[in-house]
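As structure tokens, the structure follows; a few thoughts come after it.
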Amino acid sequence: MIRVLKQGATEAEKKEADRQVRRTVESILDDISERGDAAVRELSAKFDKWEPESFRLRPDEVASLMNGLPAQVIADIEFAQAQIRRFAEAQRAALVDIEVETLPGIRLGHKNIPVNSVGCYVPGGRYPMVASAHMSVLTAKVAGVRRVAACTPPLNGVPPAATVAAMSLGGADEIYLLGGIQAVAAMGLGTQTIAPVDMLVGPGNAFVAEAKRQLFGRVGIDLLAGPTETLIIADDTADAEMCATDLLGQAEHGPTSPAILLTTSKKIAREIEAEIERQLAVLPTADIAGVAWRDHGQVILCDTDEELLSEADRIASEHVQVLTRDPRWFLERMTNYGALFLGKETNVAYGDKVIGTNHTLPTKRAARYTGGLWVGKFLKTCTYQQVSPEASAMIGEYCSRLCAIENFAGHKEQADLRVRRYGGKNAV
């Protein structure tokens, strides 16, 4: 039996919040579409208190910011990027162009072609998301993207030096100090000073995610990455301290971040609330993590591993930590998740910051139909065909008859022309 011991926000509450965000974003996108840089500048001044002569950082400004960082910070960024680059390069190597002869004289193939230009949004605010620069900028460059524009907001009126360093070391061609909807819109729509991109990627708050959603079609996007989600799957080999630590470690992302404990252990289910409260008493980000747990935290008690599995696939969480005696049992059976973290020795923070897998992942149950950001997201798999004269005459006869079934006279004539021209001694 599956029992929900603690329930988060209702679907009606979530839908109303989404409606308010949608209206706000639509209005701002319309304004930027009409007024370009002037609207962007006003929004930046309003939301970030930031109104420089140019939002784009010059190379000397980037160098100055990097030179002001401790050597250890640069070394740690380089270490993280080496891990992410290594895994991304392995993924890219797995994507090969193909060409096959399916019938004599008929060659079909596909090429993996990088998108020409990408806009990468790197969140800031309370948490300057240095790691998001690795995940988007660097991965795009490994894929072969020619032009990468990167945006991040100022931090209390000051450029976030570590984030800028990560963008630069990751290979960004253009770096802008610009945040929120105005950053995503400027890259997606283009302004008088910012050329539009072909694709937008990167995480962000609900407003950034909604801006990407509304711009999709005009540009490509990676996915709709909303508030961070985490799901802990625990059996009686786990303990409340680790479960609470890993729940709060992701709940601190924002006050609307869902954190769910899914367990077969009555002991952990009984102890988790007290342990959460104990840790919140000393956690520096308790003001955010506590609200997220209060409003969006859940505790679900199951009787069997099979119930854990069915609930986990139903929830389709962004992050899934498996704290059980046999974590790979879930790896072999789960189908809906953004990323799996198998065993007590690893955790979501490793994936978020350094280990090499990408941290931009599907939320709001999108894991049912997509994975996260990776090298392949920046590639278009485009097909082609080339046919010999003899094969054209042969395949043309089939095509002609199939077109006739569908009443496509023009299509049929395309095939018939080739049959007449390449059909042997009677060809003209």
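Please note that chains go A, B, ... in the order of the structure tokens, that every chain numbers its residues from 1, and that ligands are numbered from 1 in the order shown.
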
Open item on the list: I'd like to know which residues of region 166-352 of chain A are alpha helix (DSSP H) (by DSSP, run on the backbone); could you write them as number ranges by chain?
Closed with: A: 166-170, 180-189, 206-215, 240-251, 266-280, 286-296, 305-315, 327-333, 348-352

Near region 15-33 of chain A, 9 Å: region 178-199 of chain A residue rows, closest pairs, only C-alpha atoms, as a tab-separated table:
```
residue	atom	partner	partner_atom	distance
A:Ile181	CA	A:Val25	CA	7.1
A:Gln182	CA	A:Ile32	CA	7.5
A:Ala185	CA	A:Leu29	CA	6.3
A:Ala186	CA	A:Ile32	CA	7.4
A:Leu189	CA	A:Ser33	CA	6.6
A:Gly190	CA	A:Ser33	CA	8.2
A:Thr191	CA	A:Ile32	CA	8.0
```

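The space separating CA of Glu229 (chain A) from CA of Ala172 (chain A) comes to 28.2 Å.
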
Open item on the list: List as a ChimeraX atom specification the protein and nucleic acid residues near Glu174 (chain A), meaning an atom at most 10 Å away when only C-alpha atoms are counted, but skip any in the same chain fewer than 2 places from it.
Closed with: /A:56-59,119,147-151,167-168,171-172,176,194

Task: Option closest in space to Arg270 (chain A), from A:Glu42, A:Asp239, A:Asp352, A:Asp416 [counting only C-alpha atoms] - done: A:Asp239

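Using only C-alpha atoms, the protein and nucleic acid residues lying no more than 9 Å from Leu331 (chain A), apart from those fewer than 4 places from it along its own chain, are A:Pro327, A:Thr335, A:Leu340, A:Leu342.
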
TODO: From the DSSP assignment of the backbone, select every residue of region 121-348 of chain A that is strand (DSSP E or B), and format the answer as an NGL selection string.
DONE: :A and (121 or 147-152 or 155 or 158 or 174-177 or 199-201 or 216 or 219-221 or 230-234 or 259-263 or 297-301 or 319-323 or 339-342)

Any chance you could export the current selection's C-alpha atoms as an mmCIF file, in the first residue's frame?
```
data_model
loop_
_atom_site.group_PDB
_atom_site.id
_atom_site.type_symbol
_atom_site.label_atom_id
_atom_site.label_comp_id
_atom_site.auth_asym_id
_atom_site.auth_seq_id
_atom_site.Cartn_x
_atom_site.Cartn_y
_atom_site.Cartn_z
ATOM 1 C CA TYR A 121 21.511 31.491 -19.526
ATOM 2 C CA ARG A 147 28.829 31.147 -31.616
ATOM 3 C CA VAL A 148 27.956 30.880 -27.933
ATOM 4 C CA ALA A 149 26.483 33.925 -26.193
ATOM 5 C CA ALA A 150 26.218 33.693 -22.403
ATOM 6 C CA CYS A 151 24.174 35.820 -20.003
ATOM 7 C CA THR A 152 24.266 36.041 -16.226
ATOM 8 C CA LEU A 155 25.344 40.077 -8.066
ATOM 9 C CA VAL A 158 28.778 43.662 -9.172
ATOM 10 C CA GLU A 174 30.120 36.750 -25.985
ATOM 11 C CA ILE A 175 29.490 37.410 -22.283
ATOM 12 C CA TYR A 176 26.675 39.695 -21.116
ATOM 13 C CA LEU A 177 25.820 40.862 -17.608
ATOM 14 C CA MET A 199 18.751 28.034 -29.578
ATOM 15 C CA LEU A 200 18.335 28.905 -25.884
ATOM 16 C CA VAL A 201 19.602 26.669 -23.093
ATOM 17 C CA PHE A 216 10.089 28.012 -28.435
ATOM 18 C CA VAL A 219 14.180 29.439 -31.412
ATOM 19 C CA GLY A 220 15.004 25.972 -30.181
ATOM 20 C CA ILE A 221 15.311 25.216 -26.494
ATOM 21 C CA THR A 230 14.638 15.928 -5.805
ATOM 22 C CA LEU A 231 13.362 12.461 -4.958
ATOM 23 C CA ILE A 232 14.998 10.225 -2.349
ATOM 24 C CA ILE A 233 14.299 6.491 -2.622
ATOM 25 C CA ALA A 234 15.261 4.870 0.666
ATOM 26 C CA ALA A 259 11.637 17.510 -2.195
ATOM 27 C CA ILE A 260 10.118 14.051 -1.827
ATOM 28 C CA LEU A 261 11.039 11.127 0.416
ATOM 29 C CA LEU A 262 9.855 7.783 -0.953
ATOM 30 C CA THR A 263 10.610 4.966 1.478
ATOM 31 C CA GLY A 297 7.930 18.522 0.704
ATOM 32 C CA GLN A 298 6.328 15.081 0.651
ATOM 33 C CA VAL A 299 6.769 11.809 2.519
ATOM 34 C CA ILE A 300 5.412 8.676 0.849
ATOM 35 C CA LEU A 301 5.559 5.293 2.567
ATOM 36 C CA HIS A 319 16.949 14.170 -9.531
ATOM 37 C CA VAL A 320 16.543 10.699 -8.050
ATOM 38 C CA GLN A 321 18.847 9.479 -5.288
ATOM 39 C CA VAL A 322 18.676 5.754 -4.614
ATOM 40 C CA LEU A 323 19.672 4.970 -1.023
ATOM 41 C CA ALA A 339 19.390 11.763 -13.542
ATOM 42 C CA LEU A 340 19.999 8.861 -11.165
ATOM 43 C CA PHE A 341 22.423 8.968 -8.245
ATOM 44 C CA LEU A 342 23.088 5.391 -7.237
#
```

So that I can see what lies close to Thr324 (chain A), please list as a PDB file with all heavy atoms, in the first residue's frame the residues with an atom at most 7 Å from it, counting only C-alpha atoms and leaving out residues fewer than 4 positions away in the same chain.
```pdb
ATOM      1  N   ALA A 234      14.510   5.425  -0.452  1.00  0.00           N
ATOM      2  CA  ALA A 234      15.261   4.870   0.666  1.00  0.00           C
ATOM      3  C   ALA A 234      14.590   3.616   1.204  1.00  0.00           C
ATOM      4  O   ALA A 234      13.357   3.558   1.308  1.00  0.00           O
ATOM      5  CB  ALA A 234      15.382   5.907   1.778  1.00  0.00           C
ATOM      6  N   ASP A 235      15.422   2.629   1.558  1.00  0.00           N
ATOM      7  CA  ASP A 235      14.896   1.462   2.276  1.00  0.00           C
ATOM      8  C   ASP A 235      15.488   1.451   3.684  1.00  0.00           C
ATOM      9  O   ASP A 235      16.066   2.448   4.136  1.00  0.00           O
ATOM     10  CB  ASP A 235      15.171   0.169   1.500  1.00  0.00           C
ATOM     11  CG  ASP A 235      16.656  -0.130   1.316  1.00  0.00           C
ATOM     12  OD1 ASP A 235      17.496   0.511   2.008  1.00  0.00           O
ATOM     13  OD2 ASP A 235      16.990  -1.001   0.495  1.00  0.00           O
ATOM     14  N   THR A 237      18.112   0.299   4.826  1.00  0.00           N
ATOM     15  CA  THR A 237      19.569   0.414   4.942  1.00  0.00           C
ATOM     16  C   THR A 237      20.002   1.879   5.003  1.00  0.00           C
ATOM     17  O   THR A 237      21.169   2.168   5.260  1.00  0.00           O
ATOM     18  CB  THR A 237      20.276  -0.257   3.747  1.00  0.00           C
ATOM     19  OG1 THR A 237      19.971   0.455   2.541  1.00  0.00           O
ATOM     20  CG2 THR A 237      19.848  -1.714   3.604  1.00  0.00           C
ATOM     21  N   ALA A 238      19.089   2.796   4.758  1.00  0.00           N
ATOM     22  CA  ALA A 238      19.398   4.227   4.817  1.00  0.00           C
ATOM     23  C   ALA A 238      19.109   4.755   6.223  1.00  0.00           C
ATOM     24  O   ALA A 238      18.703   4.011   7.120  1.00  0.00           O
ATOM     25  CB  ALA A 238      18.571   4.979   3.778  1.00  0.00           C
ATOM     26  N   GLY A 343      23.355   4.937  -4.900  1.00  0.00           N
ATOM     27  CA  GLY A 343      24.084   4.571  -3.693  1.00  0.00           C
ATOM     28  C   GLY A 343      24.347   5.753  -2.776  1.00  0.00           C
ATOM     29  O   GLY A 343      24.270   6.917  -3.159  1.00  0.00           O
TER      30      GLY A 343
END
```

Open item on the list: Using only C-alpha atoms, can you tell me which of A:Val197, A:Ala225, A:Val96, A:Val40 comes closest to Asn116 (chain A)?
Closed with: A:Val197

Open item on the list: as a PyMOL selection string, please: the residues near region 250-252 of chain A (cut-off 12 Å, only C-alpha atoms, same-chain neighbours under 4 positions excluded).
Closed with: chain A and resi 126-127+227-232+243-246+256-260+276+280+283-298+318-321+347-352

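With only C-alpha atoms as the atoms that count, the residue of A:Asp326, A:Arg401, A:Lys380, A:Asn358 with the shortest distance to Gln83 (chain A) is A:Asn358.
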
TODO: Name the residues in contact with Arg333 (chain A) at a cut-off of 10 Å, using only C-alpha atoms, excluding same-chain residues fewer than 5 positions from it; report them as a list of chain:residue names.
DONE: A:Glu306, A:Leu309, A:Ser310, A:Asp313, A:Arg328

- [ ] Quote the spacing between CA of Leu379 (chain A) and CA of Val118 (chain A) in Å to one decimal place.
- [x] 11.2 Å
